[in-house]
Protein chains: 2
Amino acid sequence: MAPVIRTARERAREELTLEIKREARRQLADEGAQRLSLRAVARALGMASSALYRYFPSRDDLLTALIIDAYNALGDRVETAVAACPDDDPRAAWRALCHGVRDWAKEHPHEYALLFGTPVPGYAAPQDTIAPAARVPIALVGVIRGAAGRLDLSAPVRPLRGALAEQASVLVAAMAPEVSAGVFTRGVVAWSQLVGMVSFELFGHFVGAFEPADAFFAHTVEEMADFVGLP
Amino acid sequence: MAPVIRTARERAREELTLEIKREARRQLADEGAQRLSLRAVARALGMASSALYRYFPSRDDLLTALIIDAYNALGDRVETAVAACPDDDPRAAWRALCHGVRDWAKEHPHEYALLFGTPVPGYAAPQDTIAPAARVPIALVGVIRGAAGRLDLSAPVRPLRGALAEQASVLVAAMAPEVSAGVFTRGVVAWSQLVGMVSFELFGHFVGAFEPADAFFAHTVEEMADFVGLP
DNA sequence: CAAAAACGAGAGCACTGCTCTTGACAGCCC
DNA sequence: GGGCTGTCAAGAGCAGTGCTCTCGTTTTTG
């Protein structure tokens, strides 16, 4: 069905689509999503602004494409960082994951803000974004799964009750059958803590306190590793 | 010096300033900061858009005023919620604080996003904002201070090292001399966790997982109370 | 080869933040 | 009281935005 040999038009289209995203990403990195302008992108590419709408039906669609790319870039970074750690050292993998997120965020602050800051429009989170968005959380529970059986909880996990127990058991069955729902939930807590901490640093909520935040970050990564019971 | 009896002009100016903020806050709540338009505010107030610039030199200045008001609204909410708890029950105060933040955030999502989401322009955090912004964190360490001497740490705090030890000791000396730097740091961790968790919920990162997030939130509040050692 | 689909460019609409000028009014000193 | 001064609202206008529509042109398809 799908022709392996694409027509010249299809190749040109694909190439131009990539180039548009490339330029848009450049402007995003420079000025932030707020100031990303379709017309400026078109201008930089030497084409009419109206022609851009043949490739992205709206500004939000362009942004959505950039969001997906950013999620994948972050996912790549984190997954390779985790993969570089020895299998029997979950804490090293944990460190790699957390520092990978932070380092990527500091290298690409505006793209990080696009992912974890205020959702842009009436915040449509299209289906296409949820799989790339799940990569880092999946990697995180993967690290915990890798430590299953060796978890060392100095603070006992509070029992899950009611709706939470149901939600967690569904997720655990699908994602991490090796670990208890309580530990899994602690992983989610640690994930939201990680993003909250990185956001604080990037969005300037640490000014005058833990700035630079390197030491605080490294310390907290260890504390949260303890929290989820990583050996 | 400052005349107690203000001139008609001064009163009119003050009143109009309030009315502008009121209308802007209405539009902010409806549509978000992104779509807040000076011209629309002026239109709703039946005045020329140019006249607005006599009251706020730029759109960012209007937003800054709204940010300060929002920080104070959140601060009021949290402080009264904490004050309503018995002095000898730090955990109740902790719950009141955390749920106060979340409830306020869910009632005013766009204002919350303005405070803890992506910073708007080239992110100027003027001096006027830092005091209102500090109110909730100060209340949070206040709760911990109220439990000083009765803290119960099932998981031992990792020792602070290097730059972190210095930063923390300075902050502890100024804000919470009764508690150790380690526990204080855990309070900051909990604070960033709280904001991260609320942001996840509001910004739609929990869809398909812990949704509704009430049970997860309540559980995590208790876990974090344990984490900082609240009795 | 002809019909159909895709394409780029241009003009135009409604909107934005912001500036500048103009004319009117209120508060002050003499 | 009569000016002078500073404040004020309003209008026009600039440069920019997202987006739509139309119009020739080019490429693919039947």
# chains A, B, ... in the order shown; residues from 1 in each chain; ligands from 1
call {"tool": "interface_residues", "arguments": {"of": "chain C", "to": "chain A", "cutoff": "10 Å", "atoms": "only C-alpha atoms (C1' of nucleotides)", "output": "list in words"}}
result
DA6, DC7, DG8, DA9 and DG10 of chain C
call {"tool": "write_last_selection", "arguments": {"atoms": "N, CA and C atoms (P, O5', C5', C4', C3', O3' and C1' of nucleotides)", "output": "compact mmCIF listing (two decimals), in the first residue's frame"}}
result
# COMPACT_ATOMS: atom_id res chain seq x y z
P DA C 6 -4.84 16.31 -1.80
O5' DA C 6 -3.54 17.20 -2.05
C5' DA C 6 -2.39 16.58 -2.62
C4' DA C 6 -1.32 17.61 -2.90
C3' DA C 6 -1.00 18.54 -1.72
O3' DA C 6 0.40 18.60 -1.54
C1' DA C 6 -1.47 19.82 -3.66
P DC C 7 1.04 19.29 -0.28
O5' DC C 7 1.46 20.72 -0.85
C5' DC C 7 2.34 20.78 -1.96
C4' DC C 7 2.37 22.17 -2.54
C3' DC C 7 2.57 23.29 -1.53
O3' DC C 7 3.93 23.66 -1.51
C1' DC C 7 1.08 23.87 -3.35
P DG C 8 4.49 24.54 -0.32
O5' DG C 8 4.54 26.00 -0.95
C5' DG C 8 5.27 26.19 -2.15
C4' DG C 8 5.07 27.61 -2.66
C3' DG C 8 5.27 28.69 -1.60
O3' DG C 8 6.09 29.73 -2.13
C1' DG C 8 3.09 28.86 -2.55
P DA C 9 6.42 31.03 -1.27
O5' DA C 9 5.34 32.07 -1.80
C5' DA C 9 5.21 32.27 -3.21
C4' DA C 9 4.16 33.32 -3.50
C3' DA C 9 4.22 34.54 -2.59
O3' DA C 9 4.19 35.72 -3.38
C1' DA C 9 2.04 33.60 -2.59
P DG C 10 4.53 37.14 -2.72
O5' DG C 10 3.10 37.84 -2.59
C5' DG C 10 2.27 37.94 -3.73
C4' DG C 10 0.85 38.27 -3.30
C3' DG C 10 0.75 39.41 -2.28
O3' DG C 10 0.13 40.53 -2.90
C1' DG C 10 -0.65 37.56 -1.69
call {"tool": "interface_residues", "arguments": {"of": "chain D", "to": "chain B", "cutoff": "9 Å", "atoms": "only C-alpha atoms (C1' of nucleotides)", "output": "list in words"}}
result
DT7, DC8, DA9, DA10 and DG11 of chain D
call {"tool": "interface_residues", "arguments": {"of": "chain B", "to": "chain A", "cutoff": "8 Å", "atoms": "only C-alpha atoms", "output": "PyMOL selection string"}}
result
chain B and resi 34+113-114+116-121+123+125+154-155+157-158+160-164+167-168+171+189-190+192-197+199-200+203-204+209-210+215-216+219-220+223
call {"tool": "write_last_selection", "arguments": {"atoms": "C-alpha atoms", "output": "short mmCIF file (atom, residue, chain, number, x, y, z; two decimals), in the first residue's frame"}}
result
data_model
loop_
_atom_site.label_atom_id
_atom_site.label_comp_id
_atom_site.auth_asym_id
_atom_site.auth_seq_id
_atom_site.Cartn_x
_atom_site.Cartn_y
_atom_site.Cartn_z
CA GLN B 34 -2.42 33.76 27.99
CA ALA B 113 -0.83 28.47 37.03
CA LEU B 114 0.25 32.09 37.10
CA PHE B 116 3.60 28.05 39.83
CA GLY B 117 3.42 27.44 36.10
CA THR B 118 5.61 28.80 33.37
CA PRO B 119 6.81 32.29 34.26
CA VAL B 120 5.18 34.68 31.83
CA PRO B 121 7.63 37.02 30.07
CA TYR B 123 10.22 36.06 33.92
CA ALA B 125 10.26 38.25 39.65
CA SER B 154 11.27 6.64 61.31
CA ALA B 155 13.70 7.14 58.44
CA VAL B 157 17.76 12.06 57.75
CA ARG B 158 20.82 11.88 55.55
CA LEU B 160 23.82 17.50 54.75
CA ARG B 161 27.15 18.08 53.12
CA GLY B 162 29.13 20.82 51.51
CA ALA B 163 27.27 23.72 49.98
CA LEU B 164 23.92 22.35 51.06
CA GLN B 167 22.75 27.08 52.60
CA ALA B 168 20.52 25.18 54.97
CA LEU B 171 18.10 29.50 56.26
CA VAL B 189 11.41 18.73 49.78
CA ALA B 190 7.83 18.30 50.92
CA SER B 192 8.28 21.13 46.25
CA GLN B 193 6.52 17.76 46.28
CA LEU B 194 3.25 19.43 47.19
CA VAL B 195 3.48 21.95 44.37
CA GLY B 196 4.61 19.28 41.93
CA MET B 197 1.67 17.07 42.84
CA SER B 199 0.60 20.95 39.27
CA PHE B 200 0.41 17.39 37.95
CA PHE B 203 -2.07 20.42 34.33
CA GLY B 204 -3.47 17.03 33.41
CA ALA B 209 -3.73 7.23 36.32
CA PHE B 210 -4.67 8.74 39.68
CA ALA B 215 -7.33 9.78 47.55
CA PHE B 216 -3.79 9.93 46.23
CA HIS B 219 -2.43 9.66 51.22
CA THR B 220 0.61 11.55 50.06
CA GLU B 223 3.31 10.14 53.83
#
call {"tool": "closest_residue", "arguments": {"among": "C:DA24, C:DC13, C:DC30, C:DA5", "to": "D:DT26", "atoms": "only C-alpha atoms (C1' of nucleotides)"}}
result
C:DA5
call {"tool": "residues_around", "arguments": {"residues": "A:Arg145", "least_positions_apart": "3", "cutoff": "10 Å", "atoms": "only C-alpha atoms (C1' of nucleotides)", "output": "number ranges by chain"}}
result
A: 90, 139-142, 148-151, 175-180, 183-184
call {"tool": "write_last_selection", "arguments": {"atoms": "C-alpha atoms", "output": "PDB file, in the first residue's frame"}}
result
ATOM      1  CA  PRO A  90      19.066   0.474  41.164  1.00  0.00           C
ATOM      2  CA  ALA A 139      11.557   4.326  33.164  1.00  0.00           C
ATOM      3  CA  LEU A 140      11.147   5.386  36.769  1.00  0.00           C
ATOM      4  CA  VAL A 141       8.934   2.472  37.695  1.00  0.00           C
ATOM      5  CA  GLY A 142      11.325   0.312  35.716  1.00  0.00           C
ATOM      6  CA  ALA A 148      11.973  -5.595  43.560  1.00  0.00           C
ATOM      7  CA  GLY A 149      12.704  -8.016  46.360  1.00  0.00           C
ATOM      8  CA  ARG A 150      15.638  -5.969  47.584  1.00  0.00           C
ATOM      9  CA  LEU A 151      13.677  -2.910  48.665  1.00  0.00           C
ATOM     10  CA  MET A 175       3.028  -1.654  34.914  1.00  0.00           C
ATOM     11  CA  ALA A 176       4.861  -3.215  37.816  1.00  0.00           C
ATOM     12  CA  PRO A 177       3.445  -6.498  39.081  1.00  0.00           C
ATOM     13  CA  GLU A 178       6.641  -7.210  41.010  1.00  0.00           C
ATOM     14  CA  VAL A 179       6.240  -4.403  43.521  1.00  0.00           C
ATOM     15  CA  SER A 180       3.645  -3.567  46.100  1.00  0.00           C
ATOM     16  CA  VAL A 183       5.941   1.267  46.949  1.00  0.00           C
ATOM     17  CA  PHE A 184       4.575   1.998  43.494  1.00  0.00           C
TER      18      PHE A 184
END
call {"tool": "atom_distance", "arguments": {"atom1": "atom C1' of D:DG6", "atom2": "atom CA of B:Lys21"}}
result
25.2 Å
call {"tool": "select_by_dssp", "arguments": {"residues": "stretch 1-220 of chain A", "states": "helix (DSSP H, G or I)", "output": "MDAnalysis selection string"}}
result
chainID A and resid 8:31 33:35 38:44 49:52 59:83 90:107 109:116 127:133 135:146 162:175 181:202 214:220
call {"tool": "residues_around", "arguments": {"residues": "C:DC15", "least_positions_apart": "5", "cutoff": "12 Å", "atoms": "only C-alpha atoms (C1' of nucleotides)", "output": "PDB file with C-alpha atoms (C1' of nucleotides), in the first residue's frame"}}
result
ATOM      1  CA  ARG B  35      -5.621  35.275  26.739  1.00  0.00           C
ATOM      2  CA  SER B  37      -6.079  41.228  27.016  1.00  0.00           C
ATOM      3  CA  LEU B  38      -5.677  44.826  28.084  1.00  0.00           C
ATOM      4  CA  ARG B  39      -8.045  45.928  25.370  1.00  0.00           C
ATOM      5  CA  ALA B  40     -10.728  43.532  26.504  1.00  0.00           C
TER       6      ALA B  40
ATOM      7  C1'  DG D  16       2.905  42.700  14.972  1.00  0.00           C
ATOM      8  C1'  DT D  17      -0.080  38.353  15.479  1.00  0.00           C
ATOM      9  C1'  DG D  18      -3.162  33.931  13.976  1.00  0.00           C
ATOM     10  C1'  DC D  19      -5.859  32.631  10.456  1.00  0.00           C
TER      11       DC D  19
END
call {"tool": "atom_distance", "arguments": {"atom1": "atom CA of A:Leu16", "atom2": "atom CA of A:Leu36"}}
result
18.1 Å
